Amino acid sequence: MDDATLTLRLCRLLARLPGWAFREDGTDYTANEVGIFYGAIGADPDRAIGVRVYGTTDEDISTRRAQLRIRGAKYQRVSADRLADLAKTVLHGLSRVGGINDIRRISMTPLGADNNGREERTENYEIILDNPEASS
(Lines give C-alpha, C1' and ligand atoms only; values in the text may rest on other atoms or scores of the structure.)
Protein backbone atom coordinates (compact mmCIF):
# COMPACT_ATOMS: atom_id res chain seq x y z
CA MET A 1 0.00 0.00 0.00
CA ASP A 2 1.48 3.36 -0.95
CA ASP A 3 1.47 6.43 1.31
CA ALA A 4 -1.35 8.20 -0.54
CA THR A 5 -3.64 5.17 -0.31
CA LEU A 6 -2.89 4.78 3.40
CA THR A 7 -3.50 8.47 4.10
CA LEU A 8 -6.85 8.37 2.31
CA ARG A 9 -7.80 5.19 4.18
CA LEU A 10 -7.06 6.84 7.54
CA CYS A 11 -9.10 9.91 6.59
CA ARG A 12 -12.05 7.71 5.62
CA LEU A 13 -11.79 5.70 8.85
CA LEU A 14 -11.91 8.88 10.94
CA ALA A 15 -14.88 10.14 8.91
CA ARG A 16 -16.95 7.25 10.27
CA LEU A 17 -17.35 9.16 13.53
CA PRO A 18 -20.67 11.05 13.81
CA GLY A 19 -20.18 14.70 12.92
CA TRP A 20 -16.77 14.12 11.34
CA ALA A 21 -16.39 14.55 7.57
CA PHE A 22 -13.76 14.02 4.90
CA ARG A 23 -14.40 15.98 1.71
CA GLU A 24 -12.23 14.40 -0.96
CA ASP A 25 -13.57 16.83 -3.56
CA GLY A 26 -12.44 19.87 -1.56
CA THR A 27 -15.90 21.28 -0.85
CA ASP A 28 -16.27 23.36 2.30
CA TYR A 29 -17.04 21.91 5.70
CA THR A 30 -19.84 23.23 7.87
CA ALA A 31 -19.05 24.94 11.17
CA ASN A 32 -20.61 22.00 13.04
CA GLU A 33 -18.41 19.35 11.43
CA VAL A 34 -14.96 18.14 12.38
CA GLY A 35 -13.16 18.59 9.07
CA ILE A 36 -10.66 15.91 8.10
CA PHE A 37 -7.92 17.01 5.73
CA TYR A 38 -5.33 15.11 3.71
CA GLY A 39 -2.23 16.92 4.95
CA ALA A 40 -2.46 20.55 6.00
CA ILE A 41 -5.54 21.75 7.88
CA GLY A 42 -7.58 24.47 6.18
CA ALA A 43 -8.64 27.70 7.90
CA ASP A 44 -12.17 26.37 8.49
CA PRO A 45 -13.80 24.71 10.31
CA ASP A 46 -12.35 25.41 13.74
CA ARG A 47 -12.41 21.73 14.74
CA ALA A 48 -10.21 19.92 12.25
CA ILE A 49 -7.73 17.10 11.79
CA GLY A 50 -4.91 16.85 9.26
CA VAL A 51 -3.63 13.38 8.39
CA ARG A 52 -0.11 12.77 7.08
CA VAL A 53 1.92 9.57 6.64
CA TYR A 54 5.64 9.88 7.46
CA GLY A 55 8.65 7.89 8.55
CA THR A 56 8.60 5.21 5.86
CA THR A 57 11.76 3.35 4.97
CA ASP A 58 12.63 1.25 1.96
CA GLU A 59 13.90 -1.50 4.27
CA ASP A 60 10.55 -2.05 6.03
CA ILE A 61 7.67 -1.50 3.65
CA SER A 62 5.17 -3.12 6.01
CA THR A 63 5.45 -0.40 8.70
CA ARG A 64 4.37 3.21 8.42
CA ARG A 65 3.83 6.07 10.81
CA ALA A 66 1.06 8.60 10.58
CA GLN A 67 0.56 11.91 12.33
CA LEU A 68 -2.75 13.54 13.13
CA ARG A 69 -2.64 17.28 13.69
CA ILE A 70 -5.72 18.06 15.75
CA ARG A 71 -7.24 21.51 16.24
CA GLY A 72 -10.04 22.17 18.70
CA ALA A 73 -12.82 24.73 18.91
CA LYS A 74 -12.08 28.37 19.68
CA TYR A 75 -11.41 29.15 23.32
CA GLN A 76 -12.24 25.63 24.49
CA ARG A 77 -9.12 24.31 26.20
CA VAL A 78 -10.25 20.68 26.24
CA SER A 79 -11.60 20.49 22.68
CA ALA A 80 -8.44 19.20 20.94
CA ASP A 81 -7.90 16.63 23.70
CA ARG A 82 -11.45 15.35 23.34
CA LEU A 83 -11.09 15.08 19.56
CA ALA A 84 -7.84 13.14 20.07
CA ASP A 85 -9.60 10.73 22.42
CA LEU A 86 -12.29 10.09 19.80
CA ALA A 87 -9.70 9.57 17.06
CA LYS A 88 -7.90 7.10 19.31
CA THR A 89 -11.10 5.08 19.77
CA VAL A 90 -11.27 4.64 15.99
CA LEU A 91 -7.60 3.99 15.23
CA HIS A 92 -5.78 2.53 18.24
CA GLY A 93 -5.94 -1.25 18.17
CA LEU A 94 -7.63 -1.39 14.78
CA SER A 95 -6.81 -4.73 13.22
CA ARG A 96 -7.40 -6.50 9.92
CA VAL A 97 -9.27 -3.66 8.21
CA GLY A 98 -8.63 -2.54 4.64
CA GLY A 99 -5.07 -3.80 4.38
CA ILE A 100 -4.15 -2.61 7.87
CA ASN A 101 -2.93 -5.30 10.24
CA ASP A 102 -2.55 -3.13 13.37
CA ILE A 103 -2.50 0.52 14.48
CA ARG A 104 -1.07 1.78 17.77
CA ARG A 105 -0.78 5.33 19.12
CA ILE A 106 2.86 5.81 20.07
CA SER A 107 3.01 9.45 21.18
CA MET A 108 1.30 12.81 21.42
CA THR A 109 2.44 16.40 21.82
CA PRO A 110 0.41 19.43 22.93
CA LEU A 111 1.13 22.42 20.68
CA GLY A 112 -0.79 25.20 22.46
CA ALA A 113 -3.29 27.55 20.88
CA ASP A 114 -3.08 29.07 17.41
CA ASN A 115 -3.66 32.81 16.76
CA ASN A 116 -7.43 32.22 16.85
CA GLY A 117 -7.49 30.58 20.30
CA ARG A 118 -7.84 27.01 18.98
CA GLU A 119 -5.79 24.47 20.94
CA GLU A 120 -3.73 22.07 18.84
CA ARG A 121 -1.92 18.79 19.43
CA THR A 122 -0.35 16.03 17.39
CA GLU A 123 -0.89 12.28 17.67
CA ASN A 124 1.55 9.78 16.20
CA TYR A 125 0.52 6.26 15.22
CA GLU A 126 2.50 3.24 14.08
CA ILE A 127 0.76 1.18 11.42
CA ILE A 128 1.59 -2.39 10.44
CA LEU A 129 0.22 -3.22 7.00
CA ASP A 130 -1.03 -6.47 5.57
CA ASN A 131 1.42 -5.98 2.76
CA PRO A 132 2.08 -8.94 0.46
CA GLU A 133 5.19 -7.25 -0.98
CA ALA A 134 6.77 -7.22 2.49
CA SER A 135 6.80 -11.01 2.79
CA SER A 136 8.62 -11.66 -0.48
# chains A, B, ... in the order shown; residues from 1 in each chain; ligands from 1
>>> select_by_dssp(residues="range 7-73 of chain A", states="strand (DSSP E)", output="list of chain:residue names")
A:Trp20, A:Ala21, A:Phe22, A:Val34, A:Gly35, A:Ile36, A:Phe37, A:Tyr38, A:Ala48, A:Ile49, A:Gly50, A:Val51, A:Arg52, A:Val53, A:Tyr54, A:Thr63, A:Arg64, A:Arg65, A:Ala66, A:Gln67, A:Leu68, A:Arg69, A:Ile70, A:Arg71, A:Gly72, A:Ala73
>>> residues_around(residues="Asp46 in chain A", least_positions_apart="5", cutoff="10 Å", atoms="only C-alpha atoms", output="PyMOL selection string")
chain A and resi 29-35+41+71-74+116-119
>>> write_last_selection(atoms="N, CA and C atoms", output="PDB file, in the first residue's frame")
ATOM      1  N   TYR A  29     -16.437  22.555   4.548  1.00  0.00           N
ATOM      2  CA  TYR A  29     -17.044  21.905   5.701  1.00  0.00           C
ATOM      3  C   TYR A  29     -17.989  22.883   6.372  1.00  0.00           C
ATOM      4  N   THR A  30     -18.975  22.367   7.079  1.00  0.00           N
ATOM      5  CA  THR A  30     -19.841  23.234   7.868  1.00  0.00           C
ATOM      6  C   THR A  30     -19.158  23.529   9.199  1.00  0.00           C
ATOM      7  N   ALA A  31     -19.628  24.557   9.876  1.00  0.00           N
ATOM      8  CA  ALA A  31     -19.049  24.937  11.168  1.00  0.00           C
ATOM      9  C   ALA A  31     -19.277  23.863  12.223  1.00  0.00           C
ATOM     10  N   ASN A  32     -20.300  23.032  12.057  1.00  0.00           N
ATOM     11  CA  ASN A  32     -20.612  22.001  13.044  1.00  0.00           C
ATOM     12  C   ASN A  32     -19.829  20.711  12.840  1.00  0.00           C
ATOM     13  N   GLU A  33     -19.153  20.573  11.729  1.00  0.00           N
ATOM     14  CA  GLU A  33     -18.408  19.350  11.434  1.00  0.00           C
ATOM     15  C   GLU A  33     -16.975  19.434  11.946  1.00  0.00           C
ATOM     16  N   VAL A  34     -16.406  18.254  12.187  1.00  0.00           N
ATOM     17  CA  VAL A  34     -14.963  18.136  12.382  1.00  0.00           C
ATOM     18  C   VAL A  34     -14.415  17.824  10.996  1.00  0.00           C
ATOM     19  N   GLY A  35     -13.689  18.758  10.417  1.00  0.00           N
ATOM     20  CA  GLY A  35     -13.157  18.588   9.074  1.00  0.00           C
ATOM     21  C   GLY A  35     -11.888  17.758   9.082  1.00  0.00           C
ATOM     22  N   ILE A  41      -4.190  21.363   7.463  1.00  0.00           N
ATOM     23  CA  ILE A  41      -5.540  21.750   7.877  1.00  0.00           C
ATOM     24  C   ILE A  41      -5.882  23.098   7.253  1.00  0.00           C
ATOM     25  N   ARG A  71      -6.953  20.140  15.805  1.00  0.00           N
ATOM     26  CA  ARG A  71      -7.239  21.511  16.237  1.00  0.00           C
ATOM     27  C   ARG A  71      -8.643  21.540  16.830  1.00  0.00           C
ATOM     28  N   GLY A  72      -8.754  22.101  18.019  1.00  0.00           N
ATOM     29  CA  GLY A  72     -10.037  22.168  18.704  1.00  0.00           C
ATOM     30  C   GLY A  72     -10.807  23.447  18.416  1.00  0.00           C
ATOM     31  N   ALA A  73     -11.946  23.556  19.059  1.00  0.00           N
ATOM     32  CA  ALA A  73     -12.815  24.725  18.908  1.00  0.00           C
ATOM     33  C   ALA A  73     -12.199  25.949  19.581  1.00  0.00           C
ATOM     34  N   LYS A  74     -12.597  27.123  19.125  1.00  0.00           N
ATOM     35  CA  LYS A  74     -12.082  28.372  19.685  1.00  0.00           C
ATOM     36  C   LYS A  74     -12.368  28.473  21.173  1.00  0.00           C
ATOM     37  N   ASN A 116      -5.980  32.064  16.698  1.00  0.00           N
ATOM     38  CA  ASN A 116      -7.430  32.218  16.851  1.00  0.00           C
ATOM     39  C   ASN A 116      -7.956  31.542  18.115  1.00  0.00           C
ATOM     40  N   GLY A 117      -7.076  31.161  19.027  1.00  0.00           N
ATOM     41  CA  GLY A 117      -7.493  30.578  20.296  1.00  0.00           C
ATOM     42  C   GLY A 117      -7.946  29.130  20.193  1.00  0.00           C
ATOM     43  N   ARG A 118      -7.482  28.419  19.164  1.00  0.00           N
ATOM     44  CA  ARG A 118      -7.844  27.010  18.982  1.00  0.00           C
ATOM     45  C   ARG A 118      -6.659  26.149  19.404  1.00  0.00           C
ATOM     46  N   GLU A 119      -6.858  25.354  20.454  1.00  0.00           N
ATOM     47  CA  GLU A 119      -5.794  24.474  20.940  1.00  0.00           C
ATOM     48  C   GLU A 119      -5.467  23.419  19.884  1.00  0.00           C
TER      49      GLU A 119
END
>>> select_by_dssp(residues="range 61-135 of chain A", states="alpha helix (DSSP H)", output="JSON, numbers by chain")
{"A": [79, 80, 81, 82, 83, 84, 85, 86, 87, 88, 89, 90, 91]}
>>> closest_residue(among="A:Leu10, A:Gly99, A:Ser79, A:Ile49", to="Tyr125 in chain A", atoms="only C-alpha atoms")
A:Leu10
>>> residues_around(residues="range 109-114 of chain A", least_positions_apart="4", cutoff="10 Å", atoms="only C-alpha atoms", output="PyMOL selection string")
chain A and resi 69-72+74-77+80-81+118-124
>>> closest_residue(among="A:Thr7, A:Trp20, A:Val78, A:Arg65", to="Arg105 in chain A", atoms="only C-alpha atoms")
A:Arg65
>>> closest_residue(among="A:Asp102, A:Glu24, A:Asp44, A:Glu126", to="Cys11 in chain A", atoms="only C-alpha atoms")
A:Glu24
>>> atom_distance(atom1="CA of Gly42 in chain A", atom2="CA of Ala84 in chain A")
17.9 Å
>>> closest_residue(among="A:Ala40, A:Val51, A:Leu94, A:Ala4", to="Ala66 in chain A", atoms="only C-alpha atoms")
A:Val51
>>> closest_residue(among="A:Ser62, A:Ser95, A:Thr27, A:Gln67", to="Asp2 in chain A", atoms="only C-alpha atoms")
A:Ser62
>>> atom_distance(atom1="CA of Ile127 in chain A", atom2="CA of Phe37 in chain A")
18.9 Å
>>> closest_residue(among="A:Ala21, A:Leu8, A:Ile103, A:Val97", to="Arg64 in chain A", atoms="only C-alpha atoms")
A:Ile103
